[in-house]
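Structure, as structure tokens:
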Amino acid sequence: MRTPAFNIHTPSTLDEAVETARKLADKEIEFDWVSGGTDLIPNYKWGINPKSDVISLAAVEEIGGVSTYRIGAMARLQDIVESLEVHPLISEAASSVASIMIRRSGTLGGNLCLDTRCFWLNQSETWRRSIDYCHKCDEGTGADCRVIPNQNELCVATYQGDLAPALICLGAVVHLASSAGRREMPLEQFFQEDGITRNVLKNGEIVTHVELPKSSSSVVGSYQKLRLREAWDFPEGGVAFAVHVDKKGNISGLNMASTGFESIPRSHKDLVDSIDMGAEWGLEAKRLGVELKRTVRPVLNTWFPPSYRKKMASVLAKRAMEEAANRVTST
């Protein structure tokens, strides 16, 4: 597959980047942002909604960097894995992404803003044309959703980024920038339940970095992932579980989030709030798994069928909770 021709813009500062985006928008020129390009460029090769212009963020140093409480959008995933400052839960999630070659190019911002996936979409343009397209691919065709027939109002393509659930569990705040200014919000509010829009980013707006609260340093967690091939694939399901430990070594709070089951990563704070801290941990982990299985809503658009993914949601939640508990004990 050949990459289609496009105009590349290479700003060197954040202000220059958002100003470039503004100028293109004013001219009604469609464009994409590219950071590591590990998802965007393959999609372009497959003919999945390529744009005429692409703004590269590779030279914008101010949105890079890795530290304990701040990770830049252009931070490479492998740098996050190897950093001694990054929270272990984030590093664990980052280490599960694809292969080391992909992680040396892929970025935090790219993983958070990952395009949703669906086996009716992630095919060649020739194949998609043969089925008269779907609701998401080649927008504007008016085609119905192939997963849920006879509707073209909501795309149910699946979000399959790995870092979001870990960051949500740690209470991360995402920072955004555009020519109109800057804003921030809890990461769990960043995602929008539609496989096409995906998140709250406005045209010309980008993620600059995520910040973690100081309290995240007292969190111990685990990320468990289901995938088809260990060295490559996106999560067919992923669960992060976090345990907040106070200065006396007592558990002061719990959190859990999932990815790969729906069109957004989702926080499950309501489920972990029902955990009986005085009960036997293993039994509560099993019960939590059952509750998560009932909650998630996978559809038939990835390799594994929904029934199996729901079953594995239970397994992943139990594993994550038990592994987090073991790590609390060992600290």
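Residues are named by chain letter and number: chains run A, B, ... in the order of the structure tokens, numbers start at 1 in each chain, and ligands are numbered from 1 in the order shown.
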Proximity check region 98-215 of chain A to region 13-20 of chain A, 9 Å, nearest pairs one decimal Å, only C-alpha atoms, as CSV:
residue,atom,partner,partner_atom,distance
A:Ala177,CA,A:Val18,CA,7.5
A:Ser178,CA,A:Val18,CA,5.2
A:Ser179,CA,A:Val18,CA,5.2
A:Ala180,CA,A:Val18,CA,8.8
A:Gly204,CA,A:Val18,CA,6.3
A:Glu205,CA,A:Val18,CA,7.0
A:Ile206,CA,A:Val18,CA,8.1
A:Thr208,CA,A:Leu14,CA,8.5
Serialized selection, N, CA and C atoms, as a JSON list (two decimals), in the first residue's frame:
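Here's the written file part.json:
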[["chain", "number", "residue", "atom", "x", "y", "z"],
["A", 177, "ALA", "N", -4.62, 22.52, 24.10],
["A", 177, "ALA", "CA", -4.27, 23.86, 23.62],
["A", 177, "ALA", "C", -4.77, 24.05, 22.19],
["A", 178, "SER", "N", -5.17, 25.28, 21.89],
["A", 178, "SER", "CA", -5.56, 25.67, 20.54],
["A", 178, "SER", "C", -5.27, 27.16, 20.40],
["A", 179, "SER", "N", -5.51, 27.72, 19.23],
["A", 179, "SER", "CA", -5.29, 29.16, 19.03],
["A", 179, "SER", "C", -6.25, 29.99, 19.87],
["A", 180, "ALA", "N", -7.33, 29.37, 20.35],
["A", 180, "ALA", "CA", -8.31, 30.08, 21.19],
["A", 180, "ALA", "C", -7.93, 30.07, 22.66],
["A", 204, "GLY", "N", -8.43, 21.87, 15.44],
["A", 204, "GLY", "CA", -7.24, 22.68, 15.70],
["A", 204, "GLY", "C", -6.72, 22.60, 17.11],
["A", 205, "GLU", "N", -7.32, 21.76, 17.94],
["A", 205, "GLU", "CA", -6.90, 21.63, 19.34],
["A", 205, "GLU", "C", -6.10, 20.34, 19.52],
["A", 206, "ILE", "N", -5.10, 20.39, 20.40],
["A", 206, "ILE", "CA", -4.27, 19.21, 20.64],
["A", 206, "ILE", "C", -4.08, 18.99, 22.14],
["A", 208, "THR", "N", -1.53, 18.61, 25.06],
["A", 208, "THR", "CA", -0.14, 19.05, 25.30],
["A", 208, "THR", "C", 0.57, 18.18, 26.34]]
Inset, instruction - Extract, using only C-alpha atoms, all DNA, RNA and protein residues at most 12 Å from Leu271 (chain A), discarding same-chain residues fewer than 5 positions from it, and format them as a PyMOL selection string. - result: chain A and resi 241+254-258+266+276+284-285+287-296+317
Inset, instruction - Would you please extract all helix (DSSP H, G or I) residues from region 122-276 of chain A, as assigned by DSSP on the backbone, and give them as a list of chain:residue names? - result: A:Glu125, A:Thr126, A:Trp127, A:Arg128, A:Arg129, A:Ser130, A:Leu163, A:Ala164, A:Pro165, A:Ala166, A:Leu167, A:Ile168, A:Cys169, A:Leu187, A:Glu188, A:Gln189, A:Lys214, A:Ser215, A:Ser216, A:Ser217, A:Ser218, A:Lys269, A:Asp270, A:Leu271, A:Val272
Inset, instruction - Using CA of Gly72 (chain A) and CA of Ser105 (chain A) as the two end points, give the distance in Å to one decimal. - result: 14.2 Å
Inset, instruction - Tell me which protein, DNA and RNA residues are within 9 Å of region 90-101 of chain A, counting only C-alpha atoms, leaving out same-chain ones fewer than 6 positions away, and put them as a PyMOL selection string. - result: chain A and resi 77-78+80-83+108+161-167+170+222-225+230-235+240
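Shortest atom-to-atom contact with Thr68 (chain A) among A:Ile168, A:Pro298, A:Met1, A:Ser217: A:Ser217, counting only C-alpha atoms.
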Just asking: which residues within region 80-255 of chain A are strand (DSSP E or B) according to DSSP, as an mmCIF file with N, CA and C atoms, in the first residue's frame?
data_model
loop_
_atom_site.group_PDB
_atom_site.id
_atom_site.type_symbol
_atom_site.label_atom_id
_atom_site.label_comp_id
_atom_site.auth_asym_id
_atom_site.auth_seq_id
_atom_site.Cartn_x
_atom_site.Cartn_y
_atom_site.Cartn_z
ATOM 1 N N THR A 107 3.680 7.760 20.870
ATOM 2 C CA THR A 107 3.730 8.772 21.921
ATOM 3 C C THR A 107 2.537 8.655 22.865
ATOM 4 N N ARG A 117 -11.223 1.489 16.506
ATOM 5 C CA ARG A 117 -11.006 0.441 15.510
ATOM 6 C C ARG A 117 -12.229 -0.454 15.381
ATOM 7 N N THR A 158 -14.381 0.527 18.463
ATOM 8 C CA THR A 158 -13.827 0.301 19.796
ATOM 9 C C THR A 158 -12.550 1.099 20.054
ATOM 10 N N VAL A 173 -5.030 14.554 34.916
ATOM 11 C CA VAL A 173 -5.705 15.689 34.284
ATOM 12 C C VAL A 173 -5.034 15.921 32.934
ATOM 13 N N VAL A 174 -5.831 16.045 31.874
ATOM 14 C CA VAL A 174 -5.283 16.258 30.537
ATOM 15 C C VAL A 174 -5.365 17.743 30.190
ATOM 16 N N HIS A 175 -4.300 18.255 29.569
ATOM 17 C CA HIS A 175 -4.220 19.663 29.186
ATOM 18 C C HIS A 175 -4.286 19.786 27.670
ATOM 19 N N LEU A 176 -5.100 20.721 27.190
ATOM 20 C CA LEU A 176 -5.328 20.919 25.766
ATOM 21 C C LEU A 176 -4.969 22.347 25.375
ATOM 22 N N ALA A 177 -4.619 22.521 24.103
ATOM 23 C CA ALA A 177 -4.274 23.860 23.620
ATOM 24 C C ALA A 177 -4.768 24.049 22.193
ATOM 25 N N SER A 178 -5.173 25.279 21.889
ATOM 26 C CA SER A 178 -5.559 25.674 20.535
ATOM 27 C C SER A 178 -5.266 27.155 20.395
ATOM 28 N N GLY A 181 -6.906 29.320 23.034
ATOM 29 C CA GLY A 181 -6.491 29.269 24.434
ATOM 30 C C GLY A 181 -6.242 27.857 24.911
ATOM 31 N N ARG A 182 -6.166 27.714 26.214
ATOM 32 C CA ARG A 182 -5.855 26.417 26.813
ATOM 33 C C ARG A 182 -6.934 26.033 27.812
ATOM 34 N N ARG A 183 -7.100 24.745 28.001
ATOM 35 C CA ARG A 183 -8.056 24.240 28.983
ATOM 36 C C ARG A 183 -7.583 22.902 29.500
ATOM 37 N N GLU A 184 -8.205 22.461 30.581
ATOM 38 C CA GLU A 184 -7.830 21.185 31.185
ATOM 39 C C GLU A 184 -9.070 20.526 31.764
ATOM 40 N N MET A 185 -8.974 19.215 31.980
ATOM 41 C CA MET A 185 -10.098 18.461 32.536
ATOM 42 C C MET A 185 -9.588 17.106 33.020
ATOM 43 N N PRO A 186 -10.328 16.463 33.947
ATOM 44 C CA PRO A 186 -9.975 15.087 34.311
ATOM 45 C C PRO A 186 -9.969 14.216 33.057
ATOM 46 N N PHE A 191 -12.908 11.790 26.928
ATOM 47 C CA PHE A 191 -13.401 10.881 25.900
ATOM 48 C C PHE A 191 -14.895 11.060 25.664
ATOM 49 N N ASN A 199 -13.360 12.028 21.197
ATOM 50 C CA ASN A 199 -12.982 12.838 22.357
ATOM 51 C C ASN A 199 -13.494 14.267 22.167
ATOM 52 N N ILE A 206 -5.101 20.387 20.396
ATOM 53 C CA ILE A 206 -4.271 19.209 20.643
ATOM 54 C C ILE A 206 -4.077 18.987 22.138
ATOM 55 N N VAL A 207 -3.691 17.756 22.476
ATOM 56 C CA VAL A 207 -3.266 17.429 23.833
ATOM 57 C C VAL A 207 -1.820 17.884 23.989
ATOM 58 N N THR A 208 -1.525 18.606 25.065
ATOM 59 C CA THR A 208 -0.144 19.051 25.302
ATOM 60 C C THR A 208 0.568 18.182 26.338
ATOM 61 N N HIS A 209 -0.139 17.806 27.398
ATOM 62 C CA HIS A 209 0.466 16.965 28.428
ATOM 63 C C HIS A 209 -0.599 16.481 29.393
ATOM 64 N N VAL A 210 -0.219 15.548 30.234
ATOM 65 C CA VAL A 210 -1.088 15.135 31.336
ATOM 66 C C VAL A 210 -0.357 15.398 32.649
ATOM 67 N N GLU A 211 -1.115 15.759 33.652
ATOM 68 C CA GLU A 211 -0.563 15.981 34.986
ATOM 69 C C GLU A 211 -1.181 14.987 35.963
ATOM 70 N N VAL A 219 -0.081 5.442 45.321
ATOM 71 C CA VAL A 219 -0.955 4.456 44.687
ATOM 72 C C VAL A 219 -0.136 3.270 44.184
ATOM 73 N N VAL A 220 -0.658 2.089 44.427
ATOM 74 C CA VAL A 220 -0.077 0.851 43.897
ATOM 75 C C VAL A 220 -1.116 0.237 42.967
ATOM 76 N N GLY A 221 -0.705 -0.236 41.793
ATOM 77 C CA GLY A 221 -1.708 -0.734 40.864
ATOM 78 C C GLY A 221 -1.222 -1.844 39.965
ATOM 79 N N SER A 222 -2.133 -2.291 39.092
ATOM 80 C CA SER A 222 -1.823 -3.346 38.133
ATOM 81 C C SER A 222 -2.649 -3.121 36.874
ATOM 82 N N TYR A 223 -2.051 -3.410 35.711
ATOM 83 C CA TYR A 223 -2.771 -3.341 34.440
ATOM 84 C C TYR A 223 -2.731 -4.719 33.799
ATOM 85 N N GLN A 224 -3.896 -5.244 33.475
ATOM 86 C CA GLN A 224 -4.010 -6.555 32.853
ATOM 87 C C GLN A 224 -4.650 -6.408 31.481
ATOM 88 N N LYS A 225 -4.106 -7.129 30.497
ATOM 89 C CA LYS A 225 -4.493 -6.917 29.104
ATOM 90 C C LYS A 225 -4.786 -8.232 28.392
ATOM 91 N N LEU A 226 -5.829 -8.210 27.573
ATOM 92 C CA LEU A 226 -6.174 -9.322 26.700
ATOM 93 C C LEU A 226 -5.864 -8.912 25.272
ATOM 94 N N GLY A 237 -9.243 -6.160 25.439
ATOM 95 C CA GLY A 237 -9.781 -5.743 26.727
ATOM 96 C C GLY A 237 -8.615 -5.446 27.643
ATOM 97 N N GLY A 238 -8.773 -4.453 28.491
ATOM 98 C CA GLY A 238 -7.720 -4.106 29.441
ATOM 99 C C GLY A 238 -8.344 -3.532 30.699
ATOM 100 N N VAL A 239 -7.778 -3.887 31.856
ATOM 101 C CA VAL A 239 -8.292 -3.401 33.135
ATOM 102 C C VAL A 239 -7.131 -2.922 33.995
ATOM 103 N N ALA A 240 -7.238 -1.690 34.486
ATOM 104 C CA ALA A 240 -6.280 -1.152 35.451
ATOM 105 C C ALA A 240 -6.971 -1.057 36.804
ATOM 106 N N PHE A 241 -6.263 -1.472 37.835
ATOM 107 C CA PHE A 241 -6.804 -1.415 39.201
ATOM 108 C C PHE A 241 -5.781 -0.709 40.075
ATOM 109 N N ALA A 242 -6.240 0.238 40.889
ATOM 110 C CA ALA A 242 -5.340 1.035 41.723
ATOM 111 C C ALA A 242 -5.767 1.004 43.180
ATOM 112 N N VAL A 243 -4.771 0.919 44.057
ATOM 113 C CA VAL A 243 -5.007 0.908 45.506
ATOM 114 C C VAL A 243 -4.272 2.097 46.116
ATOM 115 N N HIS A 244 -5.003 2.976 46.779
ATOM 116 C CA HIS A 244 -4.400 4.120 47.466
ATOM 117 C C HIS A 244 -4.008 3.688 48.879
ATOM 118 N N VAL A 245 -2.752 3.909 49.214
ATOM 119 C CA VAL A 245 -2.234 3.502 50.526
ATOM 120 C C VAL A 245 -1.812 4.753 51.296
ATOM 121 N N ILE A 251 -5.105 0.899 53.440
ATOM 122 C CA ILE A 251 -5.767 1.191 52.170
ATOM 123 C C ILE A 251 -6.811 2.277 52.397
ATOM 124 N N SER A 252 -6.662 3.389 51.664
ATOM 125 C CA SER A 252 -7.563 4.527 51.852
ATOM 126 C C SER A 252 -8.493 4.749 50.668
ATOM 127 N N GLY A 253 -8.308 3.985 49.603
ATOM 128 C CA GLY A 253 -9.183 4.145 48.445
ATOM 129 C C GLY A 253 -8.818 3.185 47.334
ATOM 130 N N LEU A 254 -9.779 2.957 46.428
ATOM 131 C CA LEU A 254 -9.579 2.054 45.303
ATOM 132 C C LEU A 254 -10.100 2.717 44.026
ATOM 133 N N ASN A 255 -9.585 2.280 42.891
ATOM 134 C CA ASN A 255 -10.092 2.775 41.623
ATOM 135 C C ASN A 255 -9.875 1.703 40.551
#
Legend entry - Nearest residue to Ile196 (chain A) from the set A:Arg227, A:Arg319, A:Lys136, A:Arg2 (distances using only C-alpha atoms): A:Lys136
Legend entry - Residue nearest Arg70 (chain A) - candidates A:Ser56, A:Ser216, A:Asn150, A:Thr10, atoms counted: only C-alpha atoms: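 Closest to Arg70 (chain A) of all the choices is A:Ser216.
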Inset, instruction - Using CA of Leu201 (chain A) and CA of His87 (chain A) as the two end points, give the distance in Å to one decimal. - result: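 Those two atoms sit 26.0 Å apart.
Here CA of Val34 (chain A) is placed at a distance of 13.3 Å from CA of Ala75 (chain A).
Of the residues listed (A:Ala5, A:Ile48, A:Ala59, A:Leu89), A:Leu89 shows the shortest atom-to-atom separation from Glu323 (chain A); distances use only C-alpha atoms.
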Inset, instruction - Fewer than 3 positions away in the same chain doesn't count, so skip those; otherwise give me all residues within 6 Å of Arg76 (chain A), counting only C-alpha atoms, as a list in words. - result: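 The residues that qualify are Asp79, Arg104, Gly106 and Thr107 of chain A.
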Grab the residues selected above and save them as an mmCIF file, in the first residue's frame with N, CA and C atoms.
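Final output, out.cif:
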data_model
loop_
_atom_site.group_PDB
_atom_site.id
_atom_site.type_symbol
_atom_site.label_atom_id
_atom_site.label_comp_id
_atom_site.auth_asym_id
_atom_site.auth_seq_id
_atom_site.Cartn_x
_atom_site.Cartn_y
_atom_site.Cartn_z
ATOM 1 N N ASP A 79 10.304 5.670 26.267
ATOM 2 C CA ASP A 79 10.907 6.535 27.282
ATOM 3 C C ASP A 79 10.100 6.462 28.576
ATOM 4 N N ARG A 104 9.147 3.039 20.418
ATOM 5 C CA ARG A 104 10.170 4.074 20.228
ATOM 6 C C ARG A 104 9.662 5.202 19.328
ATOM 7 N N GLY A 106 5.848 5.624 18.921
ATOM 8 C CA GLY A 106 4.552 5.999 19.469
ATOM 9 C C GLY A 106 4.681 6.922 20.668
ATOM 10 N N THR A 107 3.680 7.760 20.870
ATOM 11 C CA THR A 107 3.730 8.772 21.921
ATOM 12 C C THR A 107 2.537 8.655 22.865
#
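Compared by their closest atoms to Met74 (chain A), and using only C-alpha atoms, the residues A:Leu283, A:Asp39, A:Lys51, A:Asn111 rank with A:Asn111 nearest.
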